[in-house]
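Reproduced below: entry-v3.tsv, with TSV, C-alpha atoms.
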```tsv
chain	number	residue	atom	x	y	z
C	1	MET	CA	-12.29	23.67	11.01
C	2	ARG	CA	-9.66	25.37	8.87
C	3	SER	CA	-7.28	25.72	11.82
C	4	ALA	CA	-7.78	22.05	12.73
C	5	VAL	CA	-6.98	20.97	9.16
C	6	LEU	CA	-3.87	23.17	8.99
C	7	SER	CA	-2.67	21.91	12.37
C	8	LEU	CA	-3.15	18.30	11.25
C	9	LEU	CA	-1.31	18.93	7.98
C	10	TRP	CA	1.61	20.60	9.75
C	11	ARG	CA	2.01	17.83	12.35
C	12	ARG	CA	1.74	15.06	9.78
C	13	LEU	CA	4.23	16.78	7.48
C	14	ILE	CA	6.85	16.97	10.22
C	15	TRP	CA	6.34	13.39	11.37
C	16	GLY	CA	6.19	12.17	7.79
C	17	VAL	CA	9.58	13.66	6.94
C	18	VAL	CA	11.10	12.26	10.14
C	19	THR	CA	9.62	8.81	9.44
C	20	LEU	CA	10.87	8.67	5.86
C	21	MET	CA	14.35	9.78	6.89
C	22	ALA	CA	14.39	7.11	9.60
C	23	VAL	CA	13.36	4.47	7.06
C	24	THR	CA	16.21	5.35	4.71
C	25	PHE	CA	18.60	5.47	7.68
C	26	ALA	CA	17.58	1.93	8.63
C	27	ILE	CA	17.96	0.66	5.06
C	28	PHE	CA	21.53	1.89	4.74
C	29	ALA	CA	22.36	0.55	8.21
C	30	LEU	CA	21.06	-2.89	7.22
C	31	ALA	CA	23.00	-2.69	3.96
C	32	ALA	CA	26.19	-2.14	5.92
C	33	ALA	CA	25.41	-5.18	8.09
C	34	SER	CA	24.87	-7.40	5.05
C	35	PRO	CA	27.57	-10.08	4.65
C	36	LYS	CA	27.55	-9.58	0.89
C	37	ASP	CA	30.42	-7.61	-0.63
C	38	PRO	CA	28.97	-4.30	-1.90
C	39	LEU	CA	31.41	-4.33	-4.81
C	40	GLU	CA	30.24	-7.81	-5.77
C	41	ALA	CA	26.64	-6.62	-5.59
C	42	TYR	CA	27.50	-3.69	-7.83
C	43	LEU	CA	29.39	-5.69	-10.47
C	44	GLY	CA	27.14	-8.74	-10.44
C	45	VAL	CA	28.39	-11.60	-12.62
C	46	ARG	CA	31.26	-9.41	-13.80
C	47	TYR	CA	32.82	-9.56	-10.35
C	48	GLN	CA	34.54	-12.91	-10.89
C	49	TYR	CA	36.00	-11.76	-14.20
C	50	THR	CA	37.36	-8.49	-12.82
C	51	SER	CA	41.00	-8.37	-11.76
C	52	PRO	CA	41.85	-7.45	-8.16
C	53	ASP	CA	43.52	-4.21	-9.26
C	54	LEU	CA	40.45	-3.15	-11.24
C	55	ARG	CA	38.25	-4.09	-8.31
C	56	ALA	CA	40.31	-1.86	-6.07
C	57	GLN	CA	40.03	1.03	-8.52
C	58	ILE	CA	36.27	0.63	-8.87
C	59	GLY	CA	35.88	0.32	-5.09
C	60	GLU	CA	37.90	3.48	-4.53
C	61	HIS	CA	35.82	5.31	-7.14
C	62	LEU	CA	32.56	4.20	-5.55
C	63	GLY	CA	33.82	4.79	-2.03
C	64	VAL	CA	32.73	1.36	-0.80
C	65	ASP	CA	35.13	1.58	2.14
C	66	ALA	CA	33.50	4.75	3.46
C	67	PRO	CA	31.20	4.42	6.52
C	68	TRP	CA	27.60	3.63	5.68
C	69	ILE	CA	26.38	6.83	7.29
C	70	VAL	CA	28.43	8.76	4.74
C	71	HIS	CA	26.70	6.88	1.92
C	72	TRP	CA	23.34	7.64	3.55
C	73	TRP	CA	24.13	11.33	3.85
C	74	ASN	CA	25.33	11.54	0.24
C	75	TRP	CA	22.20	9.76	-0.97
C	76	MET	CA	19.90	12.01	1.08
C	77	SER	CA	21.66	15.14	-0.19
C	78	ALA	CA	21.32	14.01	-3.81
C	79	ALA	CA	17.70	12.91	-3.28
C	80	PHE	CA	16.68	16.35	-2.01
C	81	GLN	CA	18.16	17.76	-5.21
C	82	GLY	CA	16.08	15.40	-7.35
C	83	ASP	CA	18.81	12.85	-8.05
C	84	TRP	CA	17.61	9.48	-6.73
C	85	GLY	CA	20.50	7.53	-8.16
C	86	TYR	CA	20.92	4.85	-10.79
C	87	SER	CA	19.54	1.32	-10.58
C	88	ARG	CA	22.15	-1.28	-11.46
C	89	LEU	CA	19.57	-4.06	-11.85
C	90	MET	CA	17.15	-2.09	-14.04
C	91	GLY	CA	19.90	-0.34	-16.00
C	92	GLU	CA	18.22	3.07	-15.79
C	93	PRO	CA	17.79	5.99	-13.36
C	94	VAL	CA	15.64	5.29	-10.33
C	95	THR	CA	13.28	8.13	-11.23
C	96	MET	CA	12.61	6.42	-14.55
C	97	VAL	CA	11.91	3.11	-12.80
C	98	LEU	CA	9.43	4.76	-10.45
C	99	SER	CA	7.66	6.71	-13.21
C	100	GLU	CA	7.16	3.51	-15.20
C	101	ARG	CA	5.94	1.34	-12.32
C	102	LEU	CA	4.04	3.66	-10.00
C	103	PRO	CA	0.90	3.93	-12.17
C	104	TYR	CA	0.36	0.16	-11.91
C	105	SER	CA	0.59	0.23	-8.12
C	106	LEU	CA	-1.63	3.31	-7.84
C	107	ILE	CA	-4.35	1.78	-9.99
C	108	LEU	CA	-4.28	-1.52	-8.12
C	109	GLY	CA	-4.28	-0.11	-4.59
C	110	GLY	CA	-6.50	2.92	-5.25
C	111	VAL	CA	-9.24	1.14	-7.21
C	112	GLY	CA	-9.13	-1.86	-4.87
C	113	LEU	CA	-9.64	0.34	-1.80
C	114	LEU	CA	-12.41	2.31	-3.52
C	115	VAL	CA	-14.28	-0.89	-4.39
C	116	ALA	CA	-13.91	-2.10	-0.79
C	117	VAL	CA	-15.27	1.19	0.60
C	118	VAL	CA	-18.28	1.16	-1.75
C	119	ALA	CA	-19.01	-2.50	-0.95
C	120	ALA	CA	-18.77	-1.84	2.79
C	121	VAL	CA	-21.17	1.13	2.57
C	122	LEU	CA	-23.66	-0.91	0.52
C	123	ALA	CA	-23.45	-3.71	3.08
C	124	GLY	CA	-24.08	-1.15	5.83
C	125	VAL	CA	-27.14	0.23	4.04
C	126	VAL	CA	-28.57	-3.27	3.63
C	127	SER	CA	-27.93	-4.16	7.26
C	128	LEU	CA	-29.59	-0.92	8.39
C	129	ARG	CA	-32.68	-1.27	6.23
C	130	ARG	CA	-33.16	-5.01	6.76
C	131	PRO	CA	-31.30	-6.04	9.94
C	132	GLY	CA	-31.01	-9.79	10.23
C	133	GLY	CA	-32.26	-10.36	6.69
C	134	PHE	CA	-30.85	-12.81	4.19
C	135	VAL	CA	-28.60	-10.27	2.46
C	136	ASP	CA	-27.47	-8.88	5.81
C	137	ARG	CA	-26.44	-12.36	6.99
C	138	ILE	CA	-24.55	-12.97	3.75
C	139	ALA	CA	-22.66	-9.68	4.05
C	140	TRP	CA	-21.91	-10.13	7.75
C	141	GLY	CA	-20.89	-13.79	7.42
C	142	SER	CA	-18.69	-13.20	4.37
C	143	ALA	CA	-16.90	-10.35	6.15
C	144	HIS	CA	-15.99	-12.61	9.08
C	145	ALA	CA	-14.96	-15.43	6.76
C	146	LEU	CA	-12.73	-13.22	4.59
C	147	GLN	CA	-11.20	-11.67	7.70
C	148	ALA	CA	-9.41	-14.97	8.41
C	149	VAL	CA	-7.95	-15.38	4.91
C	150	PRO	CA	-4.49	-13.79	4.30
C	151	PRO	CA	-4.13	-11.67	1.13
C	152	VAL	CA	-1.47	-14.00	-0.28
C	153	VAL	CA	-3.87	-16.95	-0.05
C	154	LEU	CA	-6.62	-14.97	-1.79
C	155	ALA	CA	-4.17	-13.92	-4.49
C	156	LEU	CA	-3.07	-17.51	-5.13
C	157	LEU	CA	-6.67	-18.78	-5.24
C	158	PHE	CA	-7.76	-16.06	-7.65
C	159	SER	CA	-4.68	-16.59	-9.78
C	160	MET	CA	-5.49	-20.30	-10.09
C	161	ALA	CA	-9.12	-19.49	-10.87
C	162	ALA	CA	-8.07	-17.09	-13.62
C	163	ILE	CA	-5.87	-19.76	-15.19
C	164	TYR	CA	-8.59	-22.43	-15.09
C	165	ILE	CA	-11.24	-20.10	-16.50
C	166	ARG	CA	-8.93	-19.05	-19.29
C	167	ARG	CA	-8.25	-22.68	-20.16
C	168	ALA	CA	-11.97	-23.50	-20.06
C	169	MET	CA	-12.58	-20.72	-22.56
C	170	GLY	CA	-9.94	-22.17	-24.85
C	171	LYS	CA	-7.55	-19.24	-24.52
C	172	ALA	CA	-3.81	-19.73	-24.42
C	173	PRO	CA	-1.85	-18.16	-21.54
C	174	ASP	CA	-0.75	-14.63	-22.33
C	175	PRO	CA	2.10	-13.47	-20.03
C	176	THR	CA	1.76	-9.89	-21.29
C	177	GLU	CA	-1.89	-9.59	-20.27
C	178	ILE	CA	-2.48	-8.08	-16.83
C	179	PRO	CA	-5.48	-9.64	-14.99
C	180	TRP	CA	-6.65	-6.34	-13.54
C	181	GLY	CA	-10.10	-7.58	-12.56
C	182	TRP	CA	-8.77	-10.50	-10.52
C	183	ALA	CA	-6.01	-8.46	-8.90
C	184	ILE	CA	-8.32	-5.57	-7.92
C	185	ALA	CA	-10.83	-8.09	-6.54
C	186	VAL	CA	-8.17	-9.54	-4.24
C	187	VAL	CA	-7.20	-6.11	-2.89
C	188	ALA	CA	-10.86	-5.20	-2.38
C	189	LEU	CA	-11.73	-8.48	-0.66
C	190	SER	CA	-8.73	-8.12	1.64
C	191	SER	CA	-9.92	-4.69	2.78
C	192	TYR	CA	-13.69	-5.30	2.73
C	193	PRO	CA	-14.00	-7.31	5.99
C	194	TRP	CA	-12.39	-4.74	8.28
C	195	LEU	CA	-14.35	-1.85	6.79
C	196	THR	CA	-17.65	-3.74	6.87
C	197	ILE	CA	-17.24	-4.91	10.46
C	198	THR	CA	-16.26	-1.42	11.63
C	199	LEU	CA	-19.21	0.22	9.87
C	200	ARG	CA	-21.64	-2.43	11.07
C	201	GLN	CA	-20.56	-1.96	14.68
C	202	SER	CA	-20.84	1.81	14.33
C	203	LEU	CA	-24.34	1.49	12.90
C	204	GLU	CA	-25.43	-0.76	15.76
C	205	GLU	CA	-24.09	1.72	18.32
C	206	ALA	CA	-25.81	4.58	16.51
C	207	LEU	CA	-29.13	2.72	16.44
C	208	ALA	CA	-28.94	2.33	20.22
C	209	SER	CA	-28.04	6.00	20.81
C	210	ALA	CA	-30.47	8.30	22.62
C	211	HIS	CA	-31.14	10.76	19.79
C	212	VAL	CA	-31.88	7.97	17.28
C	213	GLN	CA	-34.23	6.27	19.75
C	214	ALA	CA	-35.93	9.64	20.28
C	215	ALA	CA	-36.33	9.98	16.51
C	216	VAL	CA	-37.93	6.54	16.35
C	217	GLY	CA	-40.22	7.45	19.22
C	218	ARG	CA	-41.37	10.60	17.44
C	219	GLY	CA	-42.36	8.48	14.46
C	220	LEU	CA	-39.96	10.01	11.95
C	221	GLU	CA	-39.77	8.53	8.49
C	222	ARG	CA	-37.35	5.70	7.85
C	223	GLN	CA	-35.23	7.88	5.55
C	224	ALA	CA	-34.74	10.45	8.30
C	225	ILE	CA	-33.74	7.78	10.80
C	226	VAL	CA	-31.24	6.32	8.33
C	227	GLY	CA	-29.73	9.77	7.92
C	228	GLN	CA	-29.43	10.16	11.70
C	229	VAL	CA	-27.69	6.80	12.03
C	230	PHE	CA	-25.20	7.37	9.22
C	231	SER	CA	-24.43	10.90	10.41
C	232	VAL	CA	-22.78	9.51	13.57
C	233	SER	CA	-21.28	6.44	11.89
C	234	TRP	CA	-19.11	8.14	9.25
C	235	LEU	CA	-16.44	9.27	11.71
C	236	PRO	CA	-15.29	5.82	12.94
C	237	PHE	CA	-15.66	4.48	9.40
C	238	ALA	CA	-13.40	7.20	7.98
C	239	ALA	CA	-10.87	6.48	10.74
C	240	SER	CA	-10.92	2.78	9.84
C	241	VAL	CA	-10.19	3.63	6.21
C	242	GLY	CA	-7.12	5.57	7.34
C	243	GLN	CA	-5.94	2.70	9.51
C	244	ILE	CA	-6.28	0.17	6.72
C	245	VAL	CA	-4.33	2.15	4.09
C	246	PRO	CA	-0.94	0.71	5.13
C	247	SER	CA	-2.41	-2.80	4.92
C	248	VAL	CA	-3.74	-2.01	1.45
C	249	VAL	CA	-0.27	-0.91	0.36
C	250	GLY	CA	1.27	-4.10	1.71
C	251	GLY	CA	-1.47	-6.27	0.23
C	252	SER	CA	-1.08	-4.59	-3.15
C	253	LEU	CA	2.61	-5.48	-3.16
C	254	ILE	CA	1.75	-9.14	-2.55
C	255	VAL	CA	-0.89	-9.11	-5.28
C	256	GLU	CA	1.54	-7.52	-7.75
C	257	THR	CA	4.05	-10.29	-7.10
C	258	VAL	CA	1.51	-13.11	-7.49
C	259	PHE	CA	-0.15	-11.74	-10.64
C	260	GLY	CA	3.06	-10.50	-12.24
C	261	ILE	CA	1.99	-6.87	-12.36
C	262	PRO	CA	5.03	-4.69	-13.14
C	263	GLY	CA	4.55	-2.31	-10.24
C	264	ILE	CA	6.93	-1.19	-7.54
C	265	ALA	CA	6.61	-4.54	-5.72
C	266	ASP	CA	8.58	-6.32	-8.42
C	267	ALA	CA	11.22	-3.59	-8.27
C	268	ALA	CA	11.40	-3.85	-4.46
C	269	VAL	CA	11.82	-7.63	-4.49
C	270	ARG	CA	14.47	-7.56	-7.18
C	271	ALA	CA	16.32	-4.74	-5.45
C	272	ALA	CA	16.32	-6.58	-2.11
C	273	VAL	CA	17.48	-9.89	-3.62
C	274	GLY	CA	20.10	-8.21	-5.79
C	275	SER	CA	21.33	-5.84	-3.05
C	276	ASP	CA	20.50	-2.87	-5.26
C	277	PHE	CA	20.12	-0.42	-2.38
C	278	ALA	CA	20.15	2.52	-4.78
C	279	LEU	CA	16.74	1.27	-5.91
C	280	LEU	CA	15.55	-0.33	-2.66
C	281	ALA	CA	15.80	2.89	-0.64
C	282	PRO	CA	13.63	5.05	-3.00
C	283	VAL	CA	11.08	2.27	-3.51
C	284	THR	CA	10.73	1.85	0.26
C	285	VAL	CA	10.41	5.60	0.72
C	286	VAL	CA	7.70	5.84	-1.93
C	287	THR	CA	5.80	2.91	-0.44
C	288	CYS	CA	5.91	4.43	3.05
C	289	ALA	CA	4.93	7.82	1.64
C	290	PHE	CA	1.81	6.34	0.05
C	291	ALA	CA	0.80	4.80	3.35
C	292	LEU	CA	1.35	8.10	5.18
C	293	VAL	CA	-0.51	10.17	2.58
C	294	GLY	CA	-3.42	7.75	2.49
C	295	SER	CA	-3.70	7.84	6.27
C	296	LEU	CA	-3.52	11.66	6.20
C	297	LEU	CA	-6.32	11.92	3.63
C	298	ALA	CA	-8.53	9.63	5.70
C	299	ASP	CA	-7.87	11.71	8.82
C	300	LEU	CA	-8.69	14.92	6.90
C	301	VAL	CA	-11.98	13.36	5.83
C	302	ALA	CA	-12.65	12.42	9.47
C	303	VAL	CA	-12.03	16.03	10.56
C	304	VAL	CA	-14.44	17.35	7.92
C	305	VAL	CA	-17.06	14.72	8.82
C	306	ASP	CA	-16.69	15.53	12.52
```

Go through the file and emit its structure as structure tokens.
Amino acid sequence: MRSAVLSLLWRRLIWGVVTLMAVTFAIFALAAASPKDPLEAYLGVRYQYTSPDLRAQIGEHLGVDAPWIVHWWNWMSAAFQGDWGYSRLMGEPVTMVLSERLPYSLILGGVGLLVAVVAAVLAGVVSLRRPGGFVDRIAWGSAHALQAVPPVVLALLFSMAAIYIRRAMGKAPDPTEIPWGWAIAVVALSSYPWLTITLRQSLEEALASAHVQAAVGRGLERQAIVGQVFSVSWLPFAASVGQIVPSVVGGSLIVETVFGIPGIADAAVRAAVGSDFALLAPVTVVTCAFALVGSLLADLVAVVVD
């Protein structure tokens, strides 16, 4: 098993580096294709008050006329040395922006996914112990219903519910308060259907397998049969967790925007709108890295379970 884990880590590391480099390459290529003047994006509102001669000097200093691939190479070289650049919009180094905002995104996505996994496992236990029962029908039906609802719709509905409940309790709106419970619930509910359906299907296939039917025929205790069923159902379930990690990352970004959580989603949106590619490139890299690492961890769990 050790050799399998090391082989998986080595392959994923190589492909991960190639993927992240390709993402940054694409970002700088799109930046070059943008019709917006890079010098105007850099100066912001000061652009119209800057004289043409000063604009030319600033442009020469920044090297805005250089090919975009040169800018990409310079940025990559500095990034590997720990210098991720300076964000014009945030007015601080990019590393500072990431260190301030990453904890919010990690808490939202990580806790939301954990809640979804626990809820899916509990739903699987209920369906296995009482197939076709009332609770089983509720869990199965809710999973299919939530599967059709986009995360942005859930986020808007929960945001409205939070506002109405707060008003009903006689509390004034507090823009500084982060509605963690509502936001985590949206991330969990967005991930819960896929995990529940995958686990339920795996359990049904395991119940129909030959060795489980043989265990039933030998009259083994219910607890032993449950253990047999779950032992062959963890592998596809762990794989489904790995497949859903990128969706969790994307859903968390939507939830951050709707609930006003100061995570990396807000930084990404502001960087894209304001053409702050010095910030957009690192934020995109970090977001992709989280998706890749989450998928890797799920695959490692699948190897151990197998």

| field | Nearest to Leu235 of chain C, chosen from C:Ala78, C:Thr198, C:Gly110, C:Val186, with all atoms listed in the file counted in the distances | value |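 Looking at the shortest contact to Leu235 of chain C, the residue is C:Thr198.
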
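Using only C-alpha atoms for every distance, the candidate list C:Val111, C:Val97, C:Ala26, C:Val245 yields C:Val245 as the residue closest to Leu296 of chain C.
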
| message | Using only C-alpha atoms, which protein or nucleic acid residues come within 10 Å of Ser159 of chain C? Drop anything in the same chain fewer than 3 positions from it, and give the result as a VMD selection string. | response | chain C and resid 153 to 156 162 to 164 179 182 to 183 186 255 258 to 259

| query | What does the distance between atom CA of Val286 of chain C and atom CA of Ala148 of chain C come to in Å, to one decimal place? | reply | 28.9 Å

| Distance criterion (all atoms listed in the file): nearest to Ser202 of chain C out of C:Val121, C:Leu6, C:Val135, C:Met160 | C:Val121

| query | Between C:Gln147, C:Ser105, C:Thr95, C:Ser191, which one has atoms that come closest to Val241 of chain C, using all atoms listed in the file? | reply |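 Comparing C:Gln147, C:Ser105, C:Thr95, C:Ser191 against Val241 of chain C, the winner is C:Ser191.
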
| task | Would you work out the distance separating atom CA of Asp299 of chain C from atom CA of Leu203 of chain C, expressed in Å to one decimal? | result |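 Answer for the atom CA of Asp299 of chain C to atom CA of Leu203 of chain C separation: 19.8 Å.
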
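Taking atom CA of Ser252 of chain C and atom CA of Gly181 of chain C as endpoints, the distance between them is 13.4 Å.
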
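The closest residue to Ala123 of chain C, picked from C:Trp73, C:Val187, C:Leu199, C:Trp68 and counting all atoms listed in the file, is C:Leu199.
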
| said: Counting all atoms listed in the file, which residue out of C:Val216, C:Ala298, C:Met21, C:Ile14 sits closest to Val117 of chain C? | reply: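 Between C:Val216, C:Ala298, C:Met21, C:Ile14, the residue approaching Val117 of chain C most closely is C:Ala298.
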
| request: Write out as a PyMOL selection string which residues come within 12 Å of Gly16 of chain C when counting only C-alpha atoms, dropping same-chain ones fewer than 3 positions away. | output: chain C and resi 8-13+19-23+285-286+288-296

| Nearby residues (all atoms listed in the file) at most 9 Å from Glu256 of chain C, same-chain spacing under 3 positions excluded, as a list of chain:residue names |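 Selected residues are C:Tyr104, C:Ser105, C:Leu108, C:Ala183, C:Gly251, C:Ser252, C:Leu253, C:Phe259, C:Gly260, C:Ile261, C:Pro262, C:Gly263, C:Ile264, C:Ala265, C:Asp266.
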
Store the residues picked out above in a file with C-alpha atoms, as a PDB file, in the coordinates of the input.
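Output below, filename again-v1.pdb:
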```pdb
ATOM      1  CA  TYR C 104       0.360   0.160 -11.910  1.00  0.00           C
ATOM      2  CA  SER C 105       0.590   0.230  -8.120  1.00  0.00           C
ATOM      3  CA  LEU C 108      -4.280  -1.520  -8.120  1.00  0.00           C
ATOM      4  CA  ALA C 183      -6.010  -8.460  -8.900  1.00  0.00           C
ATOM      5  CA  GLY C 251      -1.470  -6.270   0.230  1.00  0.00           C
ATOM      6  CA  SER C 252      -1.080  -4.590  -3.150  1.00  0.00           C
ATOM      7  CA  LEU C 253       2.610  -5.480  -3.160  1.00  0.00           C
ATOM      8  CA  PHE C 259      -0.150 -11.740 -10.640  1.00  0.00           C
ATOM      9  CA  GLY C 260       3.060 -10.500 -12.240  1.00  0.00           C
ATOM     10  CA  ILE C 261       1.990  -6.870 -12.360  1.00  0.00           C
ATOM     11  CA  PRO C 262       5.030  -4.690 -13.140  1.00  0.00           C
ATOM     12  CA  GLY C 263       4.550  -2.310 -10.240  1.00  0.00           C
ATOM     13  CA  ILE C 264       6.930  -1.190  -7.540  1.00  0.00           C
ATOM     14  CA  ALA C 265       6.610  -4.540  -5.720  1.00  0.00           C
ATOM     15  CA  ASP C 266       8.580  -6.320  -8.420  1.00  0.00           C
TER      16      ASP C 266
END
```

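The protein and nucleic acid residues lying at most 10 Å from Val126 of chain C are Ala120, Val121, Leu122, Arg130, Pro131, Gly132, Gly133, Phe134, Val135, Asp136, Arg137 and Ala139 of chain C, with all atoms listed in the file considered and sequence neighbours fewer than 4 positions away removed.
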
| Selection: 9 Å around Ala271 of chain C, all atoms listed in the file, excl. self and same-chain fewer than 4 positions, as a ChimeraX atom specification | /C:87,89,266-267,275-280,283

Please output segment 92-106 of chain C, rebuilt to include N, CA, C and O atoms, as a short mmCIF file (atom, residue, chain, number, x, y, z; two decimals), keeping the file's coordinate frame.
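Saved the output as result.cif:
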```cif
data_model
loop_
_atom_site.label_atom_id
_atom_site.label_comp_id
_atom_site.auth_asym_id
_atom_site.auth_seq_id
_atom_site.Cartn_x
_atom_site.Cartn_y
_atom_site.Cartn_z
N GLU C 92 18.75 1.74 -15.49
CA GLU C 92 18.22 3.07 -15.79
C GLU C 92 18.09 3.86 -14.50
O GLU C 92 18.13 3.29 -13.40
N PRO C 93 17.93 5.19 -14.58
CA PRO C 93 17.79 5.99 -13.36
C PRO C 93 16.58 5.54 -12.53
O PRO C 93 15.57 5.06 -13.07
N VAL C 94 16.71 5.71 -11.23
CA VAL C 94 15.64 5.29 -10.33
C VAL C 94 14.35 6.06 -10.60
O VAL C 94 13.25 5.51 -10.52
N THR C 95 14.47 7.35 -10.93
CA THR C 95 13.28 8.13 -11.23
C THR C 95 12.52 7.56 -12.42
O THR C 95 11.29 7.59 -12.46
N MET C 96 13.25 7.03 -13.39
CA MET C 96 12.61 6.42 -14.55
C MET C 96 11.89 5.13 -14.15
O MET C 96 10.78 4.85 -14.60
N VAL C 97 12.52 4.34 -13.28
CA VAL C 97 11.91 3.11 -12.80
C VAL C 97 10.61 3.40 -12.07
O VAL C 97 9.58 2.75 -12.30
N LEU C 98 10.62 4.40 -11.21
CA LEU C 98 9.43 4.76 -10.45
C LEU C 98 8.32 5.29 -11.35
O LEU C 98 7.14 4.96 -11.17
N SER C 99 8.67 6.14 -12.31
CA SER C 99 7.66 6.71 -13.21
C SER C 99 7.00 5.64 -14.07
O SER C 99 5.82 5.77 -14.43
N GLU C 100 7.72 4.58 -14.39
CA GLU C 100 7.16 3.51 -15.20
C GLU C 100 6.29 2.56 -14.39
O GLU C 100 5.33 2.00 -14.92
N ARG C 101 6.61 2.37 -13.12
CA ARG C 101 5.94 1.34 -12.32
C ARG C 101 4.89 1.87 -11.36
O ARG C 101 3.98 1.13 -10.98
N LEU C 102 4.99 3.12 -10.96
CA LEU C 102 4.04 3.66 -10.00
C LEU C 102 2.59 3.63 -10.47
O LEU C 102 1.69 3.34 -9.68
N PRO C 103 2.31 3.96 -11.74
CA PRO C 103 0.90 3.93 -12.17
C PRO C 103 0.22 2.58 -11.94
O PRO C 103 -0.96 2.54 -11.56
N TYR C 104 0.94 1.49 -12.14
CA TYR C 104 0.36 0.16 -11.91
C TYR C 104 -0.03 -0.02 -10.44
O TYR C 104 -1.12 -0.50 -10.13
N SER C 105 0.87 0.38 -9.55
CA SER C 105 0.59 0.23 -8.12
C SER C 105 -0.53 1.15 -7.66
O SER C 105 -1.36 0.77 -6.83
N LEU C 106 -0.58 2.36 -8.22
CA LEU C 106 -1.63 3.31 -7.84
C LEU C 106 -3.00 2.81 -8.28
O LEU C 106 -3.98 2.91 -7.53
#
```
